[in-house]
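Chemist: Here's a structure for you.
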Amino acid sequence: MNFYLLTVLKTAVVAAALLTTLAYLQWIERKVIAHIQIRMGPYRVGPHGLLQPLADVIKLLTKEDLIPAHVNKFFYMLAPFLAVSLALISIAVIPFGPEIEIGGTRTWMQLTDLNIGILFLLAISSVSVYGIALGGWASNNKYSLLGSLRSAAQMISYELPLGLALAAPLLMAGTLSLREIVYAQSGYWFGMIPKWAVFQMPAPQVIGFLIFLIAAFAETNRLPFDLPEAENELVAGFHTEYSSMKFASFFMAEYANMVTITAVATTVFLGGWMAPFPAEYGSRLVPTAVLGLAGALALYHGFHPLRPRDRRTLPVVGVVFLVLAGVFLLPAVQSWLLPLFWFLAKTGALLFLFIWVRGTLPRFRYDQLMRFGWKFLFPVAVVNLFATALLVALFG
Amino acid sequence: MPTSYAQLYFPVLLQVIVAMAVAGGMMGASYVLGKRLRNPVKDSPYECGMIPVGDARERFSVKFYLVAMIFILFDVEIVFLYPWAVVYGDLKLFGFVEMLVFIGLVLCGFFYMWKKGVLDWSQWMECRKEREPASRWERKDAA
């Protein structure tokens with residue numbers, strides 16, 4: 001197949017999957033937070049609120065798109081545009097799986113593999129601070145300005161530990177290409193422990209991974225680092241003056257950044273699409289087992305419903321899961337579905353961690369945030385990098 | 001398989017176009033579909049129902065500038081680390097010592113900044129305290 005046609009197809013698939021993920025990530029977040037707080041969450045629109053994202057989009061689209069008189073019109077419009085478009089670009093270099101064959105052409109499950117992949121990601125994430133900083137400044141509102149200043153200072157402060165933590169696994173991988181970083185993590189110690197960067201000899205990157213995660217929370221402005229929109233002191237922070245879809249676009253950018261940064265964490269630290277234990281021990285059967293268990297649970301609760309509505313919805317969900325579990329057993333699709341499953345499972349677990357932390361931790365105070373970032377995280381990241389370098393030089 | 005730089009970067013270009021189309025489409029759609037009813041109250045800055053006093057572009061803490069300046073310094077240093085990390089397999093201990101000297105020099109600046117109180121956001125009085133107590137209450141505390 002023609003290279004350009006194939007690329008257009010791959011981009012379309014990735015874009016559709018990413019946008020659906022963003023819409024449903026918000027639903028999942030509301031559901032999970034609701035259950036943490038012993039509530040039901042969205043429940044009215046569709047079975048278990050599954051059509052809630054669609055309803056939200058329709059509502060936001062038809063709301064008044066207010067451009068107040070006191071704003072700088074150009075930058076006010078540019079800010080959400082920049083935020084969303086920059087957040088959606090980084091997915092282009094993320095590898096989802098190995099080489100596969102479509103219609104007689106061999107291609108990678110990745111849009112493109114730049115040899116400067118990591119630098120590209122860092123560059124895009126550095127620019128995305130502009131969306132928030134410009135939005136707050138152009139709104140010409142005191143709360144917005146304060147929110148955007150805080151956000152800019154916070155994002156650039158935590159970018160340093162993020163960059164340092166990301167450099168340590170590169171010492172062992174010796175490349176900036178994301179695909180080659182994944183391949184550097186293939187194989188198993190003693191035939192069972194995966195050679196992911198977090199477990200890799202001679203310098204397991206456990207501390208580096210934790211630093212990266214903490215900095216990722218700050219970079220995406222998530223709790224406990226959501227100072228830019230601290231609603232009990234700044235109304236809504238940098239998006240106070242935004243309405244309608246412009247307001248929503250900042251949230252969309254936040255979720256897109258979350259997906260990207262968890263995907264990067266998966267790729268660099270958790271071995272990308274590599275299975276956590278070798279195929280001899282049955283790693284091929286894990287997706288079938290997990291989905292089959294989920295399907296069986298859904299069927300059981302469908303036949304013993306807690307609420308009358310579940311009698312109709314849960315059996316359908318159960319059957320869908322069981323069919324999916326069966327699909328994973330087909331040898332024809334296993335070669336690309338299994339890596340994709342592992343990649344999505346790791347990314348999904350990290351995304352769940354993001355939501356879980358939001359439901360659990362309170363917000364930092366601003367001086368605590370800056371002190372933690374500069375006086376703790378940054379020195380620890382430097383020490384981690386040099387400890388890794390020393391171990392690699394001596395034993396690598 | 002991409003065979004040239006143009007083919008390597010074509011997906012990035014395509015993704016940029018898709019991203020801009022999504023962002024533009026979202027904002028354009030809400031501009032077309034949303035109703036428009038303006039009034040003077042809606043046009044004023046939102047300050048919890050209070051009438052805004054003064055301009056929003058007030059003076060703000062100089063710390064934000066300081067952090068931005070420090071960030072430029074350290075970010076450039078981190079960008080130097082990446083090529084070093086990639087060729088580290090060949091450099092080994094030589095590269096380690098070289099980079100230790102470089103980062104050591106940068107860290108001297110970092111600790112100087114730390115001691116100067118640039119990173120203390122809660123105690124902006126710190127540098128003033130070194131000269132003389134600013135108020136009667138502080139003098140009492142010292143005594």
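Naming scheme: A, B, ... for chains in displayed order of the structure tokens; residues 1 onward per chain; ligands 1 onward as shown.
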Near chain A, which residues of chain B fall within 7 Å when you count only C-alpha atoms, and what do they look like as a PDB file with C-alpha atoms, in the first residue's frame?
Modeler:
ATOM      1  CA  MET B   1       8.552   2.162   5.891  1.00  0.00           C
ATOM      2  CA  LEU B   8       9.569  10.634   8.443  1.00  0.00           C
ATOM      3  CA  PRO B  11       2.897  12.052   9.881  1.00  0.00           C
ATOM      4  CA  VAL B  12       3.891  14.883  12.243  1.00  0.00           C
ATOM      5  CA  GLN B  15      -1.062  15.233  13.058  1.00  0.00           C
ATOM      6  CA  VAL B  16      -0.538  19.004  13.363  1.00  0.00           C
ATOM      7  CA  ALA B  19      -4.992  18.779  15.832  1.00  0.00           C
ATOM      8  CA  MET B  20      -5.575  22.264  14.449  1.00  0.00           C
ATOM      9  CA  ALA B  23      -9.315  22.705  17.856  1.00  0.00           C
ATOM     10  CA  GLY B  24     -10.623  25.073  15.175  1.00  0.00           C
ATOM     11  CA  MET B  26     -14.634  22.809  18.180  1.00  0.00           C
ATOM     12  CA  MET B  27     -14.375  26.554  18.630  1.00  0.00           C
ATOM     13  CA  ALA B  29     -18.907  25.022  15.932  1.00  0.00           C
ATOM     14  CA  SER B  30     -19.662  26.616  19.280  1.00  0.00           C
ATOM     15  CA  TYR B  31     -19.358  30.070  17.674  1.00  0.00           C
ATOM     16  CA  LEU B  33     -24.309  27.079  17.253  1.00  0.00           C
ATOM     17  CA  GLY B  34     -24.251  29.142  20.439  1.00  0.00           C
ATOM     18  CA  LYS B  35     -26.781  31.876  20.981  1.00  0.00           C
ATOM     19  CA  ARG B  36     -25.626  35.415  21.596  1.00  0.00           C
ATOM     20  CA  LYS B  42     -21.827  39.846  31.149  1.00  0.00           C
ATOM     21  CA  ASP B  43     -19.151  41.990  29.532  1.00  0.00           C
ATOM     22  CA  SER B  44     -17.521  42.934  32.833  1.00  0.00           C
ATOM     23  CA  PRO B  45     -14.736  40.806  34.382  1.00  0.00           C
ATOM     24  CA  TYR B  46     -16.044  38.064  36.693  1.00  0.00           C
ATOM     25  CA  ALA B  56      -6.391  43.366  36.075  1.00  0.00           C
ATOM     26  CA  ARG B  57      -2.860  43.962  34.791  1.00  0.00           C
ATOM     27  CA  PHE B  64       7.633  34.758  38.904  1.00  0.00           C
ATOM     28  CA  VAL B  67      11.667  31.495  38.438  1.00  0.00           C
ATOM     29  CA  ALA B  68      11.363  32.014  34.690  1.00  0.00           C
ATOM     30  CA  PHE B  71      14.253  27.887  34.480  1.00  0.00           C
ATOM     31  CA  ASP B  75      16.510  23.863  31.089  1.00  0.00           C
ATOM     32  CA  ILE B  78      19.134  19.615  30.850  1.00  0.00           C
ATOM     33  CA  TYR B  82      20.363  14.403  26.413  1.00  0.00           C
ATOM     34  CA  ALA B  85      23.089  10.395  27.762  1.00  0.00           C
ATOM     35  CA  VAL B  86      22.760   9.009  24.226  1.00  0.00           C
ATOM     36  CA  VAL B  87      26.525   8.599  23.672  1.00  0.00           C
ATOM     37  CA  TYR B  88      27.211   7.654  27.288  1.00  0.00           C
ATOM     38  CA  GLY B  89      27.749   4.002  26.364  1.00  0.00           C
ATOM     39  CA  LYS B  92      31.805   5.683  30.314  1.00  0.00           C
ATOM     40  CA  LEU B  93      33.775   7.114  33.264  1.00  0.00           C
ATOM     41  CA  PHE B  96      30.776  10.799  33.925  1.00  0.00           C
ATOM     42  CA  LEU B 119      13.077  29.579  46.357  1.00  0.00           C
ATOM     43  CA  ASP B 120      11.329  30.652  49.580  1.00  0.00           C
ATOM     44  CA  TRP B 121       7.871  31.703  48.526  1.00  0.00           C
ATOM     45  CA  SER B 122       6.395  32.002  52.001  1.00  0.00           C
TER      46      SER B 122
END
Chemist: Give me, as a count of residues only, the residues of range 1-103 of chain A that a backbone DSSP run labels strand (DSSP E).
Modeler: 6
Chemist: I need the residues of range 35-67 of chain B that end up classed as alpha helix (DSSP H) by DSSP on the backbone, written out as a PyMOL selection string.
Modeler: chain B and resi 40-43+63-67
Chemist: Write the residues of the preceding selection, restricted to all heavy atoms, as a CSV table (one decimal), in the first residue's frame.
Modeler:
chain,number,residue,atom,x,y,z
B,40,PRO,N,-24.3,44.5,29.5
B,40,PRO,CA,-23.1,45.1,30.2
B,40,PRO,C,-22.5,44.3,31.3
B,40,PRO,O,-21.3,44.2,31.5
B,40,PRO,CB,-23.6,46.5,30.7
B,40,PRO,CG,-24.9,46.7,30.0
B,40,PRO,CD,-25.4,45.4,29.5
B,41,VAL,N,-23.4,43.6,32.1
B,41,VAL,CA,-22.9,42.8,33.2
B,41,VAL,C,-22.1,41.6,32.8
B,41,VAL,O,-21.1,41.3,33.3
B,41,VAL,CB,-24.1,42.4,34.1
B,41,VAL,CG1,-23.6,41.6,35.3
B,41,VAL,CG2,-24.9,43.6,34.5
B,42,LYS,N,-22.6,41.0,31.7
B,42,LYS,CA,-21.8,39.8,31.1
B,42,LYS,C,-20.5,40.3,30.6
B,42,LYS,O,-19.5,39.5,30.7
B,42,LYS,CB,-22.6,39.2,30.0
B,42,LYS,CG,-23.3,38.0,30.3
B,42,LYS,CD,-23.9,37.4,29.1
B,42,LYS,CE,-25.1,36.6,29.3
B,42,LYS,NZ,-25.8,36.2,28.1
B,43,ASP,N,-20.4,41.5,30.1
B,43,ASP,CA,-19.2,42.0,29.5
B,43,ASP,C,-18.1,42.4,30.6
B,43,ASP,O,-16.9,42.6,30.2
B,43,ASP,CB,-19.4,43.2,28.6
B,43,ASP,CG,-19.7,42.7,27.2
B,43,ASP,OD1,-19.4,41.6,26.9
B,43,ASP,OD2,-20.3,43.5,26.4
B,63,LYS,N,9.0,37.3,42.0
B,63,LYS,CA,9.4,35.9,42.0
B,63,LYS,C,9.1,35.1,40.8
B,63,LYS,O,9.9,34.2,40.4
B,63,LYS,CB,8.7,35.2,43.2
B,63,LYS,CG,9.1,35.7,44.5
B,63,LYS,CD,9.9,34.7,45.2
B,63,LYS,CE,10.5,35.3,46.5
B,63,LYS,NZ,11.4,34.5,47.1
B,64,PHE,N,8.0,35.5,40.1
B,64,PHE,CA,7.6,34.8,38.9
B,64,PHE,C,8.7,35.0,37.8
B,64,PHE,O,9.0,34.1,37.1
B,64,PHE,CB,6.3,35.2,38.4
B,64,PHE,CG,5.1,34.7,39.3
B,64,PHE,CD1,4.4,35.6,40.1
B,64,PHE,CD2,4.8,33.4,39.3
B,64,PHE,CE1,3.4,35.2,40.9
B,64,PHE,CE2,3.8,33.0,40.2
B,64,PHE,CZ,3.1,33.9,41.0
B,65,TYR,N,9.2,36.2,37.7
B,65,TYR,CA,10.3,36.5,36.8
B,65,TYR,C,11.5,35.7,37.1
B,65,TYR,O,12.2,35.1,36.3
B,65,TYR,CB,10.6,38.0,36.8
B,65,TYR,CG,9.7,38.8,36.0
B,65,TYR,CD1,9.0,39.8,36.5
B,65,TYR,CD2,9.6,38.6,34.6
B,65,TYR,CE1,8.1,40.6,35.8
B,65,TYR,CE2,8.8,39.4,33.8
B,65,TYR,CZ,8.0,40.4,34.4
B,65,TYR,OH,7.2,41.1,33.7
B,66,LEU,N,11.8,35.7,38.4
B,66,LEU,CA,13.0,35.0,38.9
B,66,LEU,C,13.0,33.5,38.5
B,66,LEU,O,13.9,33.0,37.9
B,66,LEU,CB,13.2,35.1,40.4
B,66,LEU,CG,13.8,36.4,40.9
B,66,LEU,CD1,13.9,36.4,42.4
B,66,LEU,CD2,15.2,36.6,40.3
B,67,VAL,N,11.8,32.9,38.8
B,67,VAL,CA,11.7,31.5,38.4
B,67,VAL,C,11.8,31.3,36.9
B,67,VAL,O,12.5,30.3,36.5
B,67,VAL,CB,10.3,31.0,38.9
B,67,VAL,CG1,10.0,29.6,38.3
B,67,VAL,CG2,10.3,30.8,40.4
Chemist: Just checking: using only C-alpha atoms, which residue out of A:Ala133, A:Val383, A:Met274, A:Val319 ends up closest to Ile103 in chain B?
Modeler: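 Ranking A:Ala133, A:Val383, A:Met274, A:Val319 by distance to Ile103 in chain B, first place goes to A:Val383.
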Chemist: Pick from B:Gly109, B:Gly28, B:Pro2, B:Gly117: nearest to Leu73 in chain B, with only C-alpha atoms counted?
Modeler: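 Distance minimum relative to Leu73 in chain B lands on B:Gly109.
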Chemist: So how far away is CA of Leu210 in chain A from CA of Trp189 in chain A, in Å?
Modeler: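 These two atoms are separated by 22.1 Å.
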Chemist: Need the shell around Arg222 in chain A: protein/DNA/RNA residues with any atom at most 8 Å away, counting only C-alpha atoms. Skip same-chain ones fewer than 5 positions apart. Format as number ranges by chain?
Modeler: A: 217, 354, 358
Chemist: Residues as selected, N, CA and C atoms, written as a PDB file, in the first residue's frame, can you do that?
Modeler:
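Result file follows (result02.pdb):
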ATOM      1  N   PHE A 217       2.173  14.856  37.319  1.00  0.00           N
ATOM      2  CA  PHE A 217       0.979  15.413  37.955  1.00  0.00           C
ATOM      3  C   PHE A 217       1.009  16.938  37.903  1.00  0.00           C
ATOM      4  N   PHE A 354      -3.901   8.520  38.249  1.00  0.00           N
ATOM      5  CA  PHE A 354      -4.142   9.967  38.219  1.00  0.00           C
ATOM      6  C   PHE A 354      -5.497  10.295  38.843  1.00  0.00           C
ATOM      7  N   ARG A 358      -6.486  12.096  42.524  1.00  0.00           N
ATOM      8  CA  ARG A 358      -7.372  13.253  42.589  1.00  0.00           C
ATOM      9  C   ARG A 358      -8.471  13.037  43.616  1.00  0.00           C
TER      10      ARG A 358
END
Chemist: Name the closest residue to Ile102 in chain A among the candidates A:Val333, A:Val380, A:Val320, A:Leu54; distances are taken between atoms, counting only C-alpha atoms.
Modeler: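 Counting only C-alpha atoms, the residue closest to Ile102 in chain A is A:Val333.
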